[in-house]
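Below is the file my_file_9.cif, which contains mmCIF, C-alpha atoms; chains and numbers go by the auth columns.
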```
data_protein
#
loop_
_atom_site.group_PDB
_atom_site.id
_atom_site.type_symbol
_atom_site.label_atom_id
_atom_site.label_comp_id
_atom_site.label_asym_id
_atom_site.label_seq_id
_atom_site.Cartn_x
_atom_site.Cartn_y
_atom_site.Cartn_z
_atom_site.B_iso_or_equiv
_atom_site.auth_seq_id
_atom_site.auth_asym_id
ATOM 1 C CA MET A 1 -33.792 -113.443 -70.331 0.00 1 A
ATOM 2 C CA ARG A 2 -36.194 -115.962 -71.846 0.00 2 A
ATOM 3 C CA CYS A 3 -35.425 -116.998 -75.453 0.00 3 A
ATOM 4 C CA PRO A 4 -38.227 -115.853 -77.805 0.00 4 A
ATOM 5 C CA TYR A 5 -37.839 -119.053 -79.869 0.00 5 A
ATOM 6 C CA CYS A 6 -37.521 -121.994 -77.450 0.00 6 A
ATOM 7 C CA LYS A 7 -38.527 -120.167 -74.217 0.00 7 A
ATOM 8 C CA THR A 8 -35.411 -121.401 -72.393 0.00 8 A
ATOM 9 C CA ASP A 9 -34.191 -119.092 -69.649 0.00 9 A
ATOM 10 C CA ASN A 10 -30.506 -119.604 -70.369 0.00 10 A
ATOM 11 C CA ASP A 11 -28.557 -117.275 -72.652 0.00 11 A
ATOM 12 C CA ARG A 12 -25.321 -115.344 -72.888 0.00 12 A
ATOM 13 C CA VAL A 13 -24.622 -111.801 -74.012 0.00 13 A
ATOM 14 C CA ILE A 14 -22.532 -111.675 -77.195 0.00 14 A
ATOM 15 C CA ASP A 15 -22.384 -107.904 -77.737 0.00 15 A
ATOM 16 C CA SER A 16 -23.508 -104.765 -75.874 0.00 16 A
ATOM 17 C CA ARG A 17 -23.735 -101.298 -77.377 0.00 17 A
ATOM 18 C CA SER A 18 -25.142 -97.990 -76.296 0.00 18 A
ATOM 19 C CA SER A 19 -27.880 -96.722 -78.608 0.00 19 A
ATOM 20 C CA SER A 20 -27.299 -93.606 -80.702 0.00 20 A
ATOM 21 C CA ASP A 21 -29.429 -91.484 -78.372 0.00 21 A
ATOM 22 C CA GLY A 22 -27.601 -92.796 -75.301 0.00 22 A
ATOM 23 C CA LEU A 23 -30.855 -93.670 -73.557 0.00 23 A
ATOM 24 C CA SER A 24 -30.723 -97.440 -73.991 0.00 24 A
ATOM 25 C CA ILE A 25 -28.338 -100.355 -74.360 0.00 25 A
ATOM 26 C CA ARG A 26 -28.708 -102.846 -77.189 0.00 26 A
ATOM 27 C CA ARG A 27 -27.634 -106.393 -76.317 0.00 27 A
ATOM 28 C CA ARG A 28 -27.152 -109.287 -78.732 0.00 28 A
ATOM 29 C CA ARG A 29 -27.792 -112.572 -76.978 0.00 29 A
ATOM 30 C CA GLN A 30 -27.403 -116.213 -77.896 0.00 30 A
ATOM 31 C CA CYS A 31 -29.652 -118.861 -76.426 0.00 31 A
ATOM 32 C CA LEU A 32 -27.670 -121.731 -74.893 0.00 32 A
ATOM 33 C CA GLY A 33 -30.625 -124.070 -75.505 0.00 33 A
ATOM 34 C CA CYS A 34 -31.306 -123.618 -79.253 0.00 34 A
ATOM 35 C CA SER A 35 -28.225 -121.496 -80.208 0.00 35 A
ATOM 36 C CA ARG A 36 -30.390 -118.860 -81.924 0.00 36 A
ATOM 37 C CA ARG A 37 -29.578 -115.186 -81.499 0.00 37 A
ATOM 38 C CA PHE A 38 -31.866 -112.342 -80.506 0.00 38 A
ATOM 39 C CA THR A 39 -31.632 -108.679 -79.520 0.00 39 A
ATOM 40 C CA THR A 40 -32.829 -107.033 -76.330 0.00 40 A
ATOM 41 C CA TYR A 41 -32.893 -103.384 -75.274 0.00 41 A
ATOM 42 C CA GLU A 42 -32.311 -102.128 -71.773 0.00 42 A
ATOM 43 C CA ARG A 43 -33.722 -98.728 -70.759 0.00 43 A
ATOM 44 C CA VAL A 44 -33.904 -96.814 -67.526 0.00 44 A
ATOM 45 C CA GLU A 45 -37.338 -97.240 -66.040 0.00 45 A
ATOM 46 C CA SER A 46 -38.846 -93.894 -65.238 0.00 46 A
ATOM 47 C CA THR A 47 -42.100 -92.951 -63.628 0.00 47 A
ATOM 48 C CA PRO A 48 -44.231 -91.149 -66.189 0.00 48 A
ATOM 49 C CA MET A 49 -44.973 -87.553 -65.293 0.00 49 A
ATOM 50 C CA ARG A 50 -48.576 -86.720 -64.472 0.00 50 A
ATOM 51 C CA VAL A 51 -50.392 -83.420 -64.799 0.00 51 A
ATOM 52 C CA VAL A 52 -52.550 -82.149 -61.936 0.00 52 A
ATOM 53 C CA LYS A 53 -55.512 -80.257 -63.372 0.00 53 A
ATOM 54 C CA LYS A 54 -57.351 -77.387 -61.644 0.00 54 A
ATOM 55 C CA ASP A 55 -60.066 -79.755 -60.411 0.00 55 A
ATOM 56 C CA GLY A 56 -57.465 -82.100 -58.880 0.00 56 A
ATOM 57 C CA MET A 57 -57.751 -84.737 -61.606 0.00 57 A
ATOM 58 C CA ARG A 58 -54.470 -86.355 -62.613 0.00 58 A
ATOM 59 C CA LEU A 59 -53.675 -87.235 -66.224 0.00 59 A
ATOM 60 C CA PRO A 60 -50.543 -88.445 -68.010 0.00 60 A
ATOM 61 C CA PHE A 61 -48.277 -85.668 -69.298 0.00 61 A
ATOM 62 C CA ASP A 62 -49.022 -85.251 -73.003 0.00 62 A
ATOM 63 C CA ARG A 63 -46.651 -83.302 -75.256 0.00 63 A
ATOM 64 C CA ASP A 64 -49.285 -83.314 -77.991 0.00 64 A
ATOM 65 C CA LYS A 65 -51.647 -81.161 -75.921 0.00 65 A
ATOM 66 C CA ILE A 66 -48.946 -78.504 -75.521 0.00 66 A
ATOM 67 C CA ARG A 67 -48.038 -78.742 -79.208 0.00 67 A
ATOM 68 C CA ASN A 68 -51.691 -78.426 -80.303 0.00 68 A
ATOM 69 C CA GLY A 69 -52.233 -75.386 -78.081 0.00 69 A
ATOM 70 C CA LEU A 70 -49.141 -73.764 -79.540 0.00 70 A
ATOM 71 C CA PHE A 71 -50.228 -74.512 -83.111 0.00 71 A
ATOM 72 C CA LYS A 72 -53.598 -72.870 -82.441 0.00 72 A
ATOM 73 C CA ALA A 73 -52.004 -69.807 -80.842 0.00 73 A
ATOM 74 C CA CYS A 74 -49.442 -69.489 -83.653 0.00 74 A
ATOM 75 C CA GLU A 75 -51.883 -70.076 -86.508 0.00 75 A
ATOM 76 C CA LYS A 76 -51.194 -67.663 -89.404 0.00 76 A
ATOM 77 C CA ARG A 77 -48.179 -66.281 -87.540 0.00 77 A
ATOM 78 C CA PRO A 78 -44.529 -66.403 -88.697 0.00 78 A
ATOM 79 C CA VAL A 79 -43.662 -69.245 -86.307 0.00 79 A
ATOM 80 C CA SER A 80 -42.130 -72.460 -87.680 0.00 80 A
ATOM 81 C CA LYS A 81 -42.854 -76.029 -86.624 0.00 81 A
ATOM 82 C CA GLU A 82 -39.264 -76.246 -85.399 0.00 82 A
ATOM 83 C CA GLN A 83 -39.788 -73.274 -83.090 0.00 83 A
ATOM 84 C CA ILE A 84 -42.936 -74.885 -81.694 0.00 84 A
ATOM 85 C CA GLU A 85 -41.119 -78.210 -81.164 0.00 85 A
ATOM 86 C CA THR A 86 -38.310 -76.361 -79.398 0.00 86 A
ATOM 87 C CA ILE A 87 -40.822 -74.744 -77.049 0.00 87 A
ATOM 88 C CA VAL A 88 -42.483 -78.108 -76.345 0.00 88 A
ATOM 89 C CA ASP A 89 -39.060 -79.640 -75.593 0.00 89 A
ATOM 90 C CA ARG A 90 -38.094 -76.789 -73.267 0.00 90 A
ATOM 91 C CA VAL A 91 -41.413 -76.860 -71.405 0.00 91 A
ATOM 92 C CA GLU A 92 -41.223 -80.637 -70.947 0.00 92 A
ATOM 93 C CA ARG A 93 -37.596 -80.443 -69.762 0.00 93 A
ATOM 94 C CA GLN A 94 -38.346 -77.622 -67.312 0.00 94 A
ATOM 95 C CA CYS A 95 -41.316 -79.533 -65.906 0.00 95 A
ATOM 96 C CA SER A 96 -39.313 -82.716 -65.412 0.00 96 A
ATOM 97 C CA GLU A 97 -36.448 -80.779 -63.793 0.00 97 A
ATOM 98 C CA ALA A 98 -38.705 -78.824 -61.427 0.00 98 A
ATOM 99 C CA PHE A 99 -41.117 -81.628 -60.485 0.00 99 A
ATOM 100 C CA ASP A 100 -40.588 -85.306 -59.758 0.00 100 A
ATOM 101 C CA ASN A 101 -43.844 -87.003 -60.670 0.00 101 A
ATOM 102 C CA GLU A 102 -46.612 -84.427 -60.853 0.00 102 A
ATOM 103 C CA VAL A 103 -46.737 -80.974 -62.412 0.00 103 A
ATOM 104 C CA PRO A 104 -49.667 -78.555 -62.054 0.00 104 A
ATOM 105 C CA THR A 105 -51.306 -77.306 -65.254 0.00 105 A
ATOM 106 C CA SER A 106 -50.700 -73.759 -64.038 0.00 106 A
ATOM 107 C CA MET A 107 -46.935 -74.346 -64.249 0.00 107 A
ATOM 108 C CA ILE A 108 -47.207 -75.721 -67.794 0.00 108 A
ATOM 109 C CA GLY A 109 -49.381 -72.802 -68.897 0.00 109 A
ATOM 110 C CA ASN A 110 -47.037 -70.227 -67.362 0.00 110 A
ATOM 111 C CA LEU A 111 -43.998 -71.806 -69.029 0.00 111 A
ATOM 112 C CA VAL A 112 -45.744 -71.810 -72.409 0.00 112 A
ATOM 113 C CA MET A 113 -46.760 -68.165 -71.942 0.00 113 A
ATOM 114 C CA LEU A 114 -43.182 -67.151 -71.094 0.00 114 A
ATOM 115 C CA GLU A 115 -41.921 -68.868 -74.238 0.00 115 A
ATOM 116 C CA LEU A 116 -44.604 -67.284 -76.439 0.00 116 A
ATOM 117 C CA ARG A 117 -44.073 -63.838 -74.926 0.00 117 A
ATOM 118 C CA ASN A 118 -40.492 -63.917 -76.208 0.00 118 A
ATOM 119 C CA LEU A 119 -41.388 -65.488 -79.546 0.00 119 A
ATOM 120 C CA ASP A 120 -44.546 -63.805 -80.868 0.00 120 A
ATOM 121 C CA GLN A 121 -46.716 -61.319 -79.001 0.00 121 A
ATOM 122 C CA VAL A 122 -49.875 -62.045 -80.983 0.00 122 A
ATOM 123 C CA ALA A 123 -49.550 -65.782 -80.297 0.00 123 A
ATOM 124 C CA TYR A 124 -48.856 -64.934 -76.657 0.00 124 A
ATOM 125 C CA VAL A 125 -52.072 -62.910 -76.333 0.00 125 A
ATOM 126 C CA ARG A 126 -54.083 -65.601 -78.128 0.00 126 A
ATOM 127 C CA PHE A 127 -52.763 -68.282 -75.789 0.00 127 A
ATOM 128 C CA ALA A 128 -53.216 -66.094 -72.703 0.00 128 A
ATOM 129 C CA SER A 129 -56.829 -65.299 -73.603 0.00 129 A
ATOM 130 C CA VAL A 130 -57.709 -68.997 -73.655 0.00 130 A
ATOM 131 C CA TYR A 131 -55.426 -70.087 -70.803 0.00 131 A
ATOM 132 C CA ARG A 132 -56.473 -67.315 -68.424 0.00 132 A
ATOM 133 C CA GLU A 133 -60.110 -67.519 -69.541 0.00 133 A
ATOM 134 C CA PHE A 134 -60.639 -63.801 -70.100 0.00 134 A
ATOM 135 C CA LYS A 135 -64.213 -62.822 -69.296 0.00 135 A
ATOM 136 C CA ASP A 136 -64.192 -59.322 -70.784 0.00 136 A
ATOM 137 C CA ALA A 137 -62.114 -56.778 -72.703 0.00 137 A
ATOM 138 C CA SER A 138 -60.652 -55.220 -69.533 0.00 138 A
ATOM 139 C CA GLN A 139 -58.845 -58.465 -68.680 0.00 139 A
ATOM 140 C CA PHE A 140 -57.575 -58.568 -72.242 0.00 140 A
ATOM 141 C CA LEU A 141 -56.260 -55.002 -71.935 0.00 141 A
ATOM 142 C CA GLU A 142 -54.554 -55.805 -68.617 0.00 142 A
ATOM 143 C CA GLU A 143 -52.609 -58.566 -70.356 0.00 143 A
ATOM 144 C CA LEU A 144 -51.669 -56.240 -73.221 0.00 144 A
ATOM 145 C CA ARG A 145 -50.552 -53.319 -71.030 0.00 145 A
ATOM 146 C CA PRO A 146 -47.048 -54.683 -70.197 0.00 146 A
ATOM 147 C CA LEU A 147 -46.464 -55.502 -73.867 0.00 147 A
ATOM 148 C CA ILE A 148 -47.513 -52.026 -74.989 0.00 148 A
ATOM 149 C CA GLU A 149 -45.384 -50.343 -72.301 0.00 149 A
ATOM 150 C CA LYS A 150 -42.391 -52.460 -73.315 0.00 150 A
ATOM 151 C CA LYS A 151 -42.864 -51.453 -76.981 0.00 151 A
ATOM 152 C CA GLY A 152 -43.168 -47.790 -75.983 0.00 152 A
ATOM 153 C CA GLY A 153 -39.917 -47.966 -74.013 0.00 153 A
ATOM 154 C CA GLU A 154 -38.109 -49.585 -76.933 0.00 154 A
ATOM 155 C CA ALA A 155 -39.390 -46.915 -79.335 0.00 155 A
ATOM 156 C CA GLU A 156 -38.170 -44.118 -77.036 0.00 156 A
ATOM 157 C CA GLU A 157 -34.726 -45.757 -76.772 0.00 157 A
ATOM 158 C CA ALA A 158 -34.509 -46.048 -80.572 0.00 158 A
ATOM 159 C CA GLN A 159 -35.405 -42.362 -81.027 0.00 159 A
ATOM 160 C CA SER A 160 -32.864 -41.153 -78.464 0.00 160 A
ATOM 161 C CA SER A 161 -30.038 -43.174 -80.056 0.00 161 A
#
```
Let me see whether you can do it: turn the structure in this file into structure tokens.
Amino acid sequence: MRCPYCKTDNDRVIDSRSSSDGLSIRRRRQCLGCSRRFTTYERVESTPMRVVKKDGMRLPFDRDKIRNGLFKACEKRPVSKEQIETIVDRVERQCSEAFDNEVPTSMIGNLVMLELRNLDQVAYVRFASVYREFKDASQFLEELRPLIEKKGGEAEEAQSS
């Protein structure tokens, strides 16, 4: 490691500690040329995930795009920022577990829709209408049908209990 002060490439490690998040190691070093101390951080080098769009274009994975889409879908709904952040975390984790370097946008959209379906049905339908690019009301109704049938089944169960 090159000393940031005298640029000598001769130092020794005085102390090593794992960071609080466990994702890096902090090392205190002392230059053997000028005797000054400095800190370095060592992290695992990972290949950034890329998103493959419908047209084949590849872009860096961006949590903010998912977060912004969720905020729009959940606008004026009883969904907290923490719930949205949890969804973003889960979607990102599932993408990185299922794919090495590249994840299709369709996978991201489907994961977000699954999360919203369980969280808030209105937000789910809002997101689905944009994500699936509904052209007319019949497509909208097709998306609503399973939700309505599920509600009907729950109401019947409640009445029979």
_Nearest residue to A:Leu23 from the set A:Thr39, A:Asn10, A:Ser46, A:Thr86 (distances using all atoms listed in the file)_ = A:Ser46
*Got a sec to resolve the PyMOL selection byres ((chain A and resi 87-95) around 12) on this structure and send the residues as a VMD selection string?*
chain A and resid 48 to 51 61 to 71 79 to 86 96 to 119
*Step by step: start from the point (-30.2, -93.2, -71.1) in the file's coordinates, keep every protein, DNA or RNA residue that has an atom no farther than 8 Å from it, count all atoms listed in the file, and write the set as a list in words.*
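Residues lying no farther than 8 Å from the given point: Asp21, Gly22, Leu23, Ser24, Arg43 and Val44 of chain A.
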File of the preceding selection, C-alpha atoms, as a tab-separated table (two decimals), keeping the file's coordinate frame:
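Below you can see again-v7.tsv, which holds the result:
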```tsv
chain	number	residue	atom	x	y	z
A	21	ASP	CA	-29.43	-91.48	-78.37
A	22	GLY	CA	-27.60	-92.80	-75.30
A	23	LEU	CA	-30.86	-93.67	-73.56
A	24	SER	CA	-30.72	-97.44	-73.99
A	43	ARG	CA	-33.72	-98.73	-70.76
A	44	VAL	CA	-33.90	-96.81	-67.53
```
*Interatomic distance between atom CA of A:Asp55 and atom CA of A:Phe127?*
20.5 Å
*For atom CA of A:Pro4 and atom CA of A:Arg27, quote the distance in Å rounded to one decimal.*
14.3 Å
*Enumerate, as a PyMOL selection string, the protein, DNA and RNA residues whose atoms approach (-26.6, -112.9, -69.8) to within 12 Å, taking into account only C-alpha atoms and the coordinate frame of the file.*
chain A and resi 1-3+9-16+27-32+38-40
Print the selection's residues with C-alpha atoms to a file, as a compact mmCIF listing (two decimals), in the frame of the given file.
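So result12.txt came out as:
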```txt
# COMPACT_ATOMS: atom_id res chain seq x y z
CA MET A 1 -33.79 -113.44 -70.33
CA ARG A 2 -36.19 -115.96 -71.85
CA CYS A 3 -35.42 -117.00 -75.45
CA ASP A 9 -34.19 -119.09 -69.65
CA ASN A 10 -30.51 -119.60 -70.37
CA ASP A 11 -28.56 -117.28 -72.65
CA ARG A 12 -25.32 -115.34 -72.89
CA VAL A 13 -24.62 -111.80 -74.01
CA ILE A 14 -22.53 -111.68 -77.19
CA ASP A 15 -22.38 -107.90 -77.74
CA SER A 16 -23.51 -104.76 -75.87
CA ARG A 27 -27.63 -106.39 -76.32
CA ARG A 28 -27.15 -109.29 -78.73
CA ARG A 29 -27.79 -112.57 -76.98
CA GLN A 30 -27.40 -116.21 -77.90
CA CYS A 31 -29.65 -118.86 -76.43
CA LEU A 32 -27.67 -121.73 -74.89
CA PHE A 38 -31.87 -112.34 -80.51
CA THR A 39 -31.63 -108.68 -79.52
CA THR A 40 -32.83 -107.03 -76.33
```
*Straight-line distance linking atom CA of A:Ser129 with atom CA of A:Ala73, stated in Å to one decimal*: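 These atoms are spaced 9.8 Å apart.
Each of A:Arg37, A:Glu42, A:Asp120, A:Ala137 was compared to A:Ile25 using all atoms listed in the file, and A:Glu42 turns out to be the nearest.
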*Using only C-alpha atoms, find the one residue out of A:Leu59, A:Val52, A:Cys6, A:Val122 that sits nearest to A:Gly33.*
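Closest residue, counting only C-alpha atoms: A:Cys6.
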For stretch 94-100 of chain A, what centre and edge lengths in Å (one decimal) does the axis-aligned box get once 8 Å is added on each side of all its listed atoms, as lines of an AutoDock Vina configuration file?
```
center_x = -38.9
center_y = -81.5
center_z = -63.5
size_x = 20.9
size_y = 23.7
size_z = 23.6
```
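Between A:Glu143 and the candidates A:Lys76, A:Arg26, A:Arg126, A:Lys54, the tightest atom-to-atom separation, counting only C-alpha atoms, involves A:Arg126.
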